[in-house]
file data_7.cif (mmCIF, C-alpha atoms and all ligand atoms)
data_my_file
loop_
_atom_site.label_atom_id
_atom_site.label_comp_id
_atom_site.auth_asym_id
_atom_site.auth_seq_id
_atom_site.Cartn_x
_atom_site.Cartn_y
_atom_site.Cartn_z
CA MET V 1 0.00 0.00 0.00
CA ASN V 2 1.81 3.09 -1.16
CA LYS V 3 0.75 6.06 0.90
CA GLN V 4 3.49 8.21 -0.65
CA LYS V 5 2.24 7.74 -4.20
CA GLY V 6 -1.14 9.09 -3.21
CA VAL V 7 -2.93 5.78 -3.71
CA ILE V 8 -4.06 6.05 -0.12
CA PRO V 9 -4.99 9.47 1.32
CA SER V 10 -2.32 10.84 3.63
CA THR V 11 -4.94 11.04 6.37
CA ALA V 12 -5.44 7.28 6.30
CA GLN V 13 -4.29 5.42 9.39
CA ILE V 14 -2.04 2.49 8.60
CA CYS V 15 -0.59 0.07 11.09
CA ALA V 16 1.35 -3.18 10.80
CA HIS V 17 1.16 -6.28 12.96
CA GLN V 18 2.69 -9.70 12.75
CA LEU V 19 0.13 -12.38 11.96
CA ASN V 20 1.19 -16.00 12.01
CA TRP V 21 -1.67 -17.98 10.53
CA SER V 22 -0.47 -21.37 11.85
CA ARG V 23 -3.17 -22.81 14.07
CA CYS V 24 -0.96 -22.65 17.16
CA SER V 25 -0.31 -18.89 16.84
CA PHE V 26 -3.21 -17.42 14.91
CA THR V 27 -5.66 -16.96 17.76
CA ASP V 28 -3.12 -15.07 19.89
CA ASP V 29 -1.86 -12.92 17.02
CA PHE V 30 -5.30 -12.07 15.70
CA GLY V 31 -6.53 -11.44 19.24
CA ARG V 32 -3.82 -8.81 19.71
CA ILE V 33 -4.79 -7.15 16.44
CA ARG V 34 -8.44 -7.12 17.43
CA GLU V 35 -7.60 -5.49 20.75
CA GLN V 36 -6.09 -2.55 18.89
CA LEU V 37 -8.88 -2.31 16.34
CA PRO V 38 -12.00 -2.77 18.43
CA LEU V 39 -14.31 -1.35 15.78
CA CYS V 40 -12.90 -3.56 13.09
CA ALA V 41 -13.17 -7.07 14.38
CA THR V 42 -13.15 -8.52 10.86
CA PHE V 43 -11.84 -7.25 7.54
CA ASP V 44 -13.78 -6.34 4.40
CA VAL V 45 -10.73 -7.06 2.24
CA VAL V 46 -7.85 -9.39 3.05
CA ILE V 47 -4.84 -9.21 0.72
CA ALA V 48 -2.05 -11.78 0.64
CA SER V 49 0.78 -12.29 -1.77
CA ASP V 50 2.88 -15.41 -2.36
CA CYS V 51 1.46 -17.21 0.64
CA LEU V 52 0.13 -20.40 -0.97
CA PHE V 53 3.44 -22.19 -1.58
CA PHE V 54 3.39 -23.91 1.79
CA ARG V 55 1.10 -26.94 1.50
CA GLU V 56 1.51 -27.79 5.18
CA PHE V 57 -0.15 -24.50 6.14
CA HIS V 58 -2.98 -24.54 3.60
CA GLU V 59 -5.66 -25.73 6.01
CA ASP V 60 -4.56 -23.22 8.63
CA LEU V 61 -4.67 -20.39 6.10
CA VAL V 62 -8.21 -21.26 4.99
CA GLU V 63 -9.24 -21.26 8.65
CA ALA V 64 -7.46 -17.94 9.30
CA LEU V 65 -9.12 -16.30 6.29
CA SER V 66 -12.53 -17.52 7.37
CA VAL V 67 -12.03 -15.86 10.77
CA MET V 68 -10.63 -12.61 9.38
CA MET V 69 -13.03 -11.98 6.51
CA THR V 70 -16.21 -10.08 7.28
CA PRO V 71 -19.15 -12.50 7.12
CA VAL V 72 -21.14 -12.40 3.87
CA SER V 73 -19.47 -9.39 2.23
CA GLY V 74 -15.75 -9.86 3.01
CA ILE V 75 -13.41 -10.85 0.21
CA ALA V 76 -9.84 -12.09 -0.03
CA LEU V 77 -7.47 -11.13 -2.84
CA LEU V 78 -4.63 -13.61 -3.16
CA PHE V 79 -1.78 -12.98 -5.60
CA GLN V 80 0.70 -15.75 -6.44
CA PRO V 81 2.06 -17.89 -9.24
CA ALA V 82 0.46 -21.33 -9.69
CA ARG V 83 3.81 -22.78 -8.50
CA ASP V 84 3.77 -26.53 -9.02
CA GLY V 85 0.09 -27.07 -8.23
CA THR V 86 0.23 -25.37 -4.82
CA MET V 87 -2.30 -22.66 -5.72
CA ARG V 88 -4.80 -25.20 -7.11
CA ALA V 89 -4.37 -27.41 -4.06
CA PHE V 90 -5.16 -24.45 -1.80
CA LEU V 91 -8.20 -23.43 -3.87
CA GLU V 92 -9.50 -26.98 -3.69
CA LEU V 93 -9.56 -26.64 0.11
CA CYS V 94 -11.44 -23.33 -0.18
CA LYS V 95 -14.31 -24.70 -2.20
CA ASP V 96 -16.57 -25.63 0.71
CA LEU V 97 -16.52 -22.11 2.15
CA PHE V 98 -15.78 -19.78 -0.74
CA VAL V 99 -16.66 -19.06 -4.34
CA VAL V 100 -13.31 -18.82 -6.09
CA GLU V 101 -12.46 -16.71 -9.13
CA VAL V 102 -9.02 -16.89 -10.75
CA LEU V 103 -7.91 -14.01 -12.98
CA GLU V 104 -4.81 -13.87 -15.15
CA ASP V 105 -5.23 -10.54 -16.94
CA TYR V 106 -6.24 -8.19 -14.15
CA PHE V 107 -3.59 -5.48 -14.58
CA GLU V 108 -2.50 -4.32 -18.02
CA GLU V 109 1.08 -3.44 -17.15
CA LEU V 110 1.64 -6.84 -15.64
CA SER V 111 0.17 -8.68 -18.63
CA CYS V 112 2.37 -6.64 -20.99
CA ALA V 113 5.47 -7.46 -18.97
CA ARG V 114 4.52 -11.16 -18.98
CA ASP V 115 4.04 -11.13 -22.76
CA MET V 116 7.41 -9.48 -23.20
CA TYR V 117 9.16 -12.05 -20.98
CA ARG V 118 7.39 -14.91 -22.77
CA VAL V 119 8.60 -13.68 -26.16
CA GLU V 120 12.11 -13.17 -24.87
CA SER V 121 12.28 -16.61 -23.29
CA THR V 122 11.22 -18.35 -26.50
CA THR V 123 13.17 -16.27 -29.03
CA ARG V 124 15.64 -18.51 -30.85
CA THR V 125 17.65 -15.68 -32.35
CA PRO V 126 17.35 -13.02 -29.73
CA PRO V 127 17.85 -9.37 -30.43
CA ALA V 128 20.94 -7.81 -28.89
CA ARG V 129 20.87 -7.53 -25.09
CA VAL V 130 18.24 -10.27 -24.71
CA SER V 131 19.51 -13.58 -23.45
CA PRO V 132 18.31 -16.68 -25.38
CA SER V 133 16.53 -17.87 -22.32
CA ASN V 134 15.65 -15.42 -19.59
CA GLY V 135 14.45 -18.20 -17.34
CA TYR V 136 10.91 -16.84 -17.31
CA ASN V 137 8.26 -19.39 -16.48
CA ASP V 138 4.59 -18.52 -15.93
CA ASP V 139 4.20 -21.27 -13.36
CA ILE V 140 7.00 -19.89 -11.23
CA HIS V 141 6.83 -16.17 -11.90
CA PHE V 142 3.44 -14.90 -13.02
CA PRO V 143 1.12 -13.85 -10.18
CA LEU V 144 -2.46 -14.95 -10.74
CA LEU V 145 -5.21 -13.20 -8.78
CA CYS V 146 -7.58 -15.42 -6.82
CA ILE V 147 -10.68 -13.74 -5.43
CA LEU V 148 -12.45 -15.54 -2.62
CA ARG V 149 -16.03 -14.64 -1.77
CA TRP V 150 -18.25 -16.26 0.82
CA LYS V 151 -20.61 -18.87 -0.55
C1 LIG V 201 7.25 -16.15 -0.48
S1 LIG V 201 7.14 -15.09 0.89
C2 LIG V 201 6.05 -13.84 0.34
C3 LIG V 201 6.56 -12.50 0.59
C4 LIG V 201 5.58 -11.37 0.27
N1 LIG V 201 4.97 -11.56 -1.00
C5 LIG V 201 6.29 -10.08 0.29
O1 LIG V 201 6.44 -9.47 -0.76
O2 LIG V 201 6.74 -9.68 1.36
C6 LIG V 201 6.07 -16.00 1.92
C7 LIG V 201 5.85 -15.37 3.25
O3 LIG V 201 4.89 -16.14 3.98
C8 LIG V 201 5.31 -16.18 5.31
N2 LIG V 201 4.69 -17.34 5.98
C9 LIG V 201 4.84 -18.64 5.70
N3 LIG V 201 4.09 -19.40 6.53
C10 LIG V 201 3.45 -18.54 7.35
C11 LIG V 201 2.54 -18.68 8.43
N4 LIG V 201 2.12 -19.88 8.83
N5 LIG V 201 2.09 -17.58 9.05
C12 LIG V 201 2.50 -16.35 8.65
N6 LIG V 201 3.36 -16.13 7.64
C13 LIG V 201 3.84 -17.22 7.01
C14 LIG V 201 6.82 -16.29 5.23
O4 LIG V 201 7.41 -15.87 6.41
C15 LIG V 201 7.13 -15.34 4.07
O5 LIG V 201 7.31 -14.03 4.53
#

call {"tool": "encode", "arguments": {"input": "data_7.cif", "output": "structure tokens"}}
result
Amino acid sequence: MNKQKGVIPSTAQICAHQLNWSRCSFTDDFGRIREQLPLCATFDVVIASDCLFFREFHEDLVEALSVMMTPVSGIALLFQPARDGTMRAFLELCKDLFVVEVLEDYFEELSCARDMYRVESTTRTPPARVSPSNGYNDDIHFPLLCILRWK
């Protein structure tokens, strides 16, 4: 969230807290956050990036999201590459609670950059200054957007 760039008004109050979503720590961490935000016991929007790679914490993260998201209207925006099936495995666990939407082209600049990297990584005779293989791989590098809404 870039307050300096004017995306968020300078009058907005922003605070940061550690939140471990593992079952053993989540209740304590989220409890401390709730104590400081008494009027905001749940969140209308939860944003997470690159947090679905850890299969062992998938169940805990679904549980944590379900506690944090405002009932009925709350949403979660999760950005991450598909990364070896980890994203799909997580979404599979979400299906009982949430309606899941997966978007690839949600931000024009990002899609343009992806298209450029794809071309570069497959060019056999690359133009000067472009390496024959830049190592780009959608599965590893391109962040898909998953939107979770309550069922
Ligand atoms: C791949 S990094 C993502 C970094 C993030 N996109 C960023 O730009 O800062 C994954 C993050 O998830 C955190 N993480 C992994 N398991 C966690 C858990 N159970 N609770 C809280 N954070 C966890 C790691 O500490 C790490 O910071």

call {"tool": "residues_around", "arguments": {"input": "data_7.cif", "residues": "region 8-19 of chain V", "least_positions_apart": "5", "cutoff": "12 Å", "atoms": "all atoms listed in the file", "output": "ChimeraX atom specification"}}
result
/V:1-3,24-37,48,61,64-65,68

call {"tool": "closest_residue", "arguments": {"input": "data_7.cif", "among": "V:Asp50, V:Asp44, V:Glu63, V:Glu108", "to": "Ile140 (chain V)", "atoms": "only C-alpha atoms"}}
result
V:Asp50

call {"tool": "residues_near_ligand", "arguments": {"input": "data_7.cif", "ligand": "ligand LIG 201 (chain V)", "cutoff": "6 Å", "atoms": "only C-alpha atoms and all ligand atoms", "output": "ChimeraX atom specification"}}
result
/V:19-22,49-51,57

call {"tool": "write_last_selection", "arguments": {"input": "data_7.cif", "atoms": "C-alpha atoms", "output": "PDB file, in the frame of the given file"}}
result
ATOM      1  CA  LEU V  19       0.130 -12.380  11.960  1.00  0.00           C
ATOM      2  CA  ASN V  20       1.190 -16.000  12.010  1.00  0.00           C
ATOM      3  CA  TRP V  21      -1.670 -17.980  10.530  1.00  0.00           C
ATOM      4  CA  SER V  22      -0.470 -21.370  11.850  1.00  0.00           C
ATOM      5  CA  SER V  49       0.780 -12.290  -1.770  1.00  0.00           C
ATOM      6  CA  ASP V  50       2.880 -15.410  -2.360  1.00  0.00           C
ATOM      7  CA  CYS V  51       1.460 -17.210   0.640  1.00  0.00           C
ATOM      8  CA  PHE V  57      -0.150 -24.500   6.140  1.00  0.00           C
TER       9      PHE V  57
END

call {"tool": "residues_near_point", "arguments": {"input": "data_7.cif", "point": "(-2.4, -14.7, -13.7)", "cutoff": "8 Å", "atoms": "only C-alpha atoms", "output": "number ranges by chain"}}
result
V: 80-81, 102-106, 142-145

call {"tool": "write_last_selection", "arguments": {"input": "data_7.cif", "atoms": "C-alpha atoms", "output": "PDB file, in the coordinates of the input"}}
result
ATOM      1  CA  GLN V  80       0.700 -15.750  -6.440  1.00  0.00           C
ATOM      2  CA  PRO V  81       2.060 -17.890  -9.240  1.00  0.00           C
ATOM      3  CA  VAL V 102      -9.020 -16.890 -10.750  1.00  0.00           C
ATOM      4  CA  LEU V 103      -7.910 -14.010 -12.980  1.00  0.00           C
ATOM      5  CA  GLU V 104      -4.810 -13.870 -15.150  1.00  0.00           C
ATOM      6  CA  ASP V 105      -5.230 -10.540 -16.940  1.00  0.00           C
ATOM      7  CA  TYR V 106      -6.240  -8.190 -14.150  1.00  0.00           C
ATOM      8  CA  PHE V 142       3.440 -14.900 -13.020  1.00  0.00           C
ATOM      9  CA  PRO V 143       1.120 -13.850 -10.180  1.00  0.00           C
ATOM     10  CA  LEU V 144      -2.460 -14.950 -10.740  1.00  0.00           C
ATOM     11  CA  LEU V 145      -5.210 -13.200  -8.780  1.00  0.00           C
TER      12      LEU V 145
END

call {"tool": "decode", "arguments": {"input": "data_7.cif", "residues": "region 52-150 of chain V", "atoms": "C-alpha atoms", "output": "mmCIF file, in the first residue's frame"}}
result
data_model
loop_
_atom_site.group_PDB
_atom_site.id
_atom_site.type_symbol
_atom_site.label_atom_id
_atom_site.label_comp_id
_atom_site.auth_asym_id
_atom_site.auth_seq_id
_atom_site.Cartn_x
_atom_site.Cartn_y
_atom_site.Cartn_z
ATOM 1 C CA LEU V 52 0.134 -20.398 -0.972
ATOM 2 C CA PHE V 53 3.437 -22.185 -1.575
ATOM 3 C CA PHE V 54 3.385 -23.915 1.791
ATOM 4 C CA ARG V 55 1.103 -26.945 1.502
ATOM 5 C CA GLU V 56 1.513 -27.795 5.176
ATOM 6 C CA PHE V 57 -0.153 -24.501 6.144
ATOM 7 C CA HIS V 58 -2.984 -24.545 3.598
ATOM 8 C CA GLU V 59 -5.658 -25.725 6.009
ATOM 9 C CA ASP V 60 -4.565 -23.216 8.632
ATOM 10 C CA LEU V 61 -4.674 -20.389 6.103
ATOM 11 C CA VAL V 62 -8.214 -21.265 4.987
ATOM 12 C CA GLU V 63 -9.240 -21.265 8.649
ATOM 13 C CA ALA V 64 -7.458 -17.944 9.301
ATOM 14 C CA LEU V 65 -9.120 -16.300 6.294
ATOM 15 C CA SER V 66 -12.532 -17.515 7.374
ATOM 16 C CA VAL V 67 -12.029 -15.860 10.770
ATOM 17 C CA MET V 68 -10.627 -12.607 9.383
ATOM 18 C CA MET V 69 -13.032 -11.981 6.506
ATOM 19 C CA THR V 70 -16.212 -10.076 7.279
ATOM 20 C CA PRO V 71 -19.146 -12.498 7.120
ATOM 21 C CA VAL V 72 -21.143 -12.400 3.872
ATOM 22 C CA SER V 73 -19.470 -9.386 2.232
ATOM 23 C CA GLY V 74 -15.754 -9.855 3.015
ATOM 24 C CA ILE V 75 -13.405 -10.852 0.208
ATOM 25 C CA ALA V 76 -9.841 -12.095 -0.031
ATOM 26 C CA LEU V 77 -7.465 -11.133 -2.838
ATOM 27 C CA LEU V 78 -4.633 -13.609 -3.157
ATOM 28 C CA PHE V 79 -1.781 -12.979 -5.596
ATOM 29 C CA GLN V 80 0.699 -15.755 -6.437
ATOM 30 C CA PRO V 81 2.060 -17.894 -9.243
ATOM 31 C CA ALA V 82 0.460 -21.327 -9.691
ATOM 32 C CA ARG V 83 3.808 -22.784 -8.504
ATOM 33 C CA ASP V 84 3.772 -26.531 -9.017
ATOM 34 C CA GLY V 85 0.092 -27.068 -8.229
ATOM 35 C CA THR V 86 0.231 -25.366 -4.817
ATOM 36 C CA MET V 87 -2.305 -22.664 -5.720
ATOM 37 C CA ARG V 88 -4.801 -25.202 -7.111
ATOM 38 C CA ALA V 89 -4.371 -27.407 -4.055
ATOM 39 C CA PHE V 90 -5.164 -24.445 -1.801
ATOM 40 C CA LEU V 91 -8.203 -23.429 -3.867
ATOM 41 C CA GLU V 92 -9.500 -26.976 -3.688
ATOM 42 C CA LEU V 93 -9.557 -26.641 0.110
ATOM 43 C CA CYS V 94 -11.439 -23.325 -0.183
ATOM 44 C CA LYS V 95 -14.308 -24.700 -2.203
ATOM 45 C CA ASP V 96 -16.572 -25.628 0.709
ATOM 46 C CA LEU V 97 -16.515 -22.109 2.145
ATOM 47 C CA PHE V 98 -15.777 -19.775 -0.740
ATOM 48 C CA VAL V 99 -16.655 -19.063 -4.337
ATOM 49 C CA VAL V 100 -13.307 -18.815 -6.090
ATOM 50 C CA GLU V 101 -12.461 -16.710 -9.133
ATOM 51 C CA VAL V 102 -9.019 -16.891 -10.751
ATOM 52 C CA LEU V 103 -7.907 -14.006 -12.976
ATOM 53 C CA GLU V 104 -4.814 -13.866 -15.148
ATOM 54 C CA ASP V 105 -5.233 -10.545 -16.941
ATOM 55 C CA TYR V 106 -6.242 -8.189 -14.151
ATOM 56 C CA PHE V 107 -3.593 -5.479 -14.578
ATOM 57 C CA GLU V 108 -2.503 -4.323 -18.020
ATOM 58 C CA GLU V 109 1.083 -3.437 -17.147
ATOM 59 C CA LEU V 110 1.641 -6.844 -15.643
ATOM 60 C CA SER V 111 0.168 -8.681 -18.632
ATOM 61 C CA CYS V 112 2.368 -6.637 -20.995
ATOM 62 C CA ALA V 113 5.471 -7.464 -18.965
ATOM 63 C CA ARG V 114 4.522 -11.164 -18.977
ATOM 64 C CA ASP V 115 4.042 -11.134 -22.756
ATOM 65 C CA MET V 116 7.409 -9.482 -23.201
ATOM 66 C CA TYR V 117 9.165 -12.046 -20.980
ATOM 67 C CA ARG V 118 7.386 -14.910 -22.774
ATOM 68 C CA VAL V 119 8.596 -13.681 -26.157
ATOM 69 C CA GLU V 120 12.111 -13.172 -24.869
ATOM 70 C CA SER V 121 12.285 -16.607 -23.289
ATOM 71 C CA THR V 122 11.222 -18.351 -26.504
ATOM 72 C CA THR V 123 13.166 -16.270 -29.031
ATOM 73 C CA ARG V 124 15.639 -18.509 -30.849
ATOM 74 C CA THR V 125 17.653 -15.684 -32.346
ATOM 75 C CA PRO V 126 17.351 -13.025 -29.730
ATOM 76 C CA PRO V 127 17.846 -9.367 -30.426
ATOM 77 C CA ALA V 128 20.935 -7.812 -28.891
ATOM 78 C CA ARG V 129 20.872 -7.529 -25.094
ATOM 79 C CA VAL V 130 18.241 -10.273 -24.710
ATOM 80 C CA SER V 131 19.508 -13.581 -23.445
ATOM 81 C CA PRO V 132 18.307 -16.679 -25.376
ATOM 82 C CA SER V 133 16.528 -17.873 -22.322
ATOM 83 C CA ASN V 134 15.649 -15.425 -19.594
ATOM 84 C CA GLY V 135 14.453 -18.204 -17.341
ATOM 85 C CA TYR V 136 10.914 -16.835 -17.312
ATOM 86 C CA ASN V 137 8.255 -19.392 -16.482
ATOM 87 C CA ASP V 138 4.589 -18.515 -15.930
ATOM 88 C CA ASP V 139 4.204 -21.267 -13.357
ATOM 89 C CA ILE V 140 7.001 -19.894 -11.228
ATOM 90 C CA HIS V 141 6.832 -16.173 -11.899
ATOM 91 C CA PHE V 142 3.440 -14.904 -13.022
ATOM 92 C CA PRO V 143 1.118 -13.848 -10.178
ATOM 93 C CA LEU V 144 -2.464 -14.949 -10.735
ATOM 94 C CA LEU V 145 -5.207 -13.202 -8.780
ATOM 95 C CA CYS V 146 -7.581 -15.423 -6.819
ATOM 96 C CA ILE V 147 -10.680 -13.738 -5.435
ATOM 97 C CA LEU V 148 -12.450 -15.536 -2.621
ATOM 98 C CA ARG V 149 -16.033 -14.639 -1.771
ATOM 99 C CA TRP V 150 -18.248 -16.255 0.822
#
